[in-house]
Amino acid sequence: MICSPRATKGLNLINLALWNKAVITKTCWELANKKNKLWIKWIYSYYIKDQVFATMGAPKQASWMVRKIFGARGNLDVISNSETYLRNVIKHVYLQLLGELSKVSCKGLMYQNQARPKVVFTVWLQIQGRLLTTDRLKNWRIQVEDTCCFCNQTPETRDHIFAECAFGRSLWSRLMQWLQIQQPSTTSWFD
């Protein structure tokens, strides 16, 4: 979830395992298209010889790296040969391997503002339902006082803190008034 794009409720960190597969796939693509590079000529003369690269098995005497390149032949179908695309092959293959994810409407709330990264991360935790509130801590059998620290009336849950608590509602009300003064309704947080 952390590695998915921001538009899909993620933090847009690079999934290094998928990025590595994308780099190996690009290397395999270069090998399949016989680029004029010394290492490709060496692999053709030492491992492939008179065989067809697309159908031959991975050489048993090859290093683990060469076997990984041969194993990436299954991902070659995500690469097209257009000139504009060839500049960003690794990125394109990475996005294809990442797959289609559904977009959410709250990305404007999280990323199109001047908030500190800590606040963005807290909002992300809230949206994921992973915020450490006392109800979640009690489920982990941690001994904590379960009443809301703001109103001291009801148990603390993520919904209570952000929507039901009188203190939270007054805070949201003041924030919305301040935002209307700063930016008259030209943009929405949920764009």
# chains A, B, ... in the order shown; residues from 1 in each chain; ligands from 1
$ select_by_dssp --residues "range 1-189 of chain A" --states "alpha helix (DSSP H)" --output "count of residues only"
87
$ residues_around --residues "range 22-27 of chain A" --least-positions-apart "2" --cutoff "8 Å" --atoms "only C-alpha atoms" --output "ChimeraX atom specification"
/A:18-20,29-31,68-69,72-73,75-76,89-91,93-94,97
$ write_last_selection --atoms "C-alpha atoms" --output "compact mmCIF listing (two decimals), in the first residue's frame"
# COMPACT_ATOMS: atom_id res chain seq x y z
CA LEU A 18 9.22 -4.39 -8.80
CA TRP A 19 11.76 -1.74 -9.85
CA ASN A 20 14.44 -4.43 -9.92
CA TRP A 29 14.68 -6.47 -23.92
CA GLU A 30 18.09 -5.09 -24.93
CA LEU A 31 19.39 -8.64 -25.18
CA LYS A 68 17.51 -13.72 -14.10
CA ILE A 69 17.79 -11.90 -17.44
CA ALA A 72 12.51 -11.95 -17.54
CA ARG A 73 11.44 -12.93 -21.06
CA ASN A 75 7.65 -9.57 -19.12
CA LEU A 76 8.78 -8.46 -22.58
CA VAL A 89 11.41 1.92 -20.52
CA ILE A 90 12.11 1.11 -16.88
CA LYS A 91 9.44 3.49 -15.59
CA VAL A 93 7.60 -1.48 -17.19
CA TYR A 94 7.49 -0.62 -13.46
CA LEU A 97 4.11 -4.42 -13.15
$ closest_residue --among "A:Cys149, A:Ile142, A:Val78, A:Leu179" --to "Leu98 in chain A" --atoms "only C-alpha atoms"
A:Val78
$ residues_around --residues "His160 in chain A" --least-positions-apart "4" --cutoff "12 Å" --atoms "only C-alpha atoms" --output "list in words"
Gln126, Thr133, Thr134, Asp135, Asp146, Thr147, Cys148, Cys149, Phe150, Cys151, Asn152, Gln153, Thr154, Pro155, Glu156, Glu164, Cys165, Ala166, Phe167, Gly168 and Arg169 of chain A
$ residues_around --residues "range 56-61 of chain A" --least-positions-apart "2" --cutoff "8 Å" --atoms "only C-alpha atoms" --output "MDAnalysis selection string"
chainID A and resid 47 51:54 63 67 70:71
$ closest_residue --among "A:Val144, A:Leu175, A:Asn88, A:Thr122" --to "Leu11 in chain A" --atoms "only C-alpha atoms"
A:Thr122
$ closest_residue --among "A:Trp39, A:Arg136, A:Lys118, A:Thr8" --to "Glu100 in chain A" --atoms "only C-alpha atoms"
A:Thr8
$ closest_residue --among "A:Ala115, A:Val66, A:Thr157, A:Lys41" --to "Arg130 in chain A" --atoms "only C-alpha atoms"
A:Thr157
$ atom_distance --atom1 "CA of Gln114 in chain A" --atom2 "CA of Trp178 in chain A"
14.4 Å
$ atom_distance --atom1 "CA of Gly129 in chain A" --atom2 "CA of Arg174 in chain A"
24.6 Å
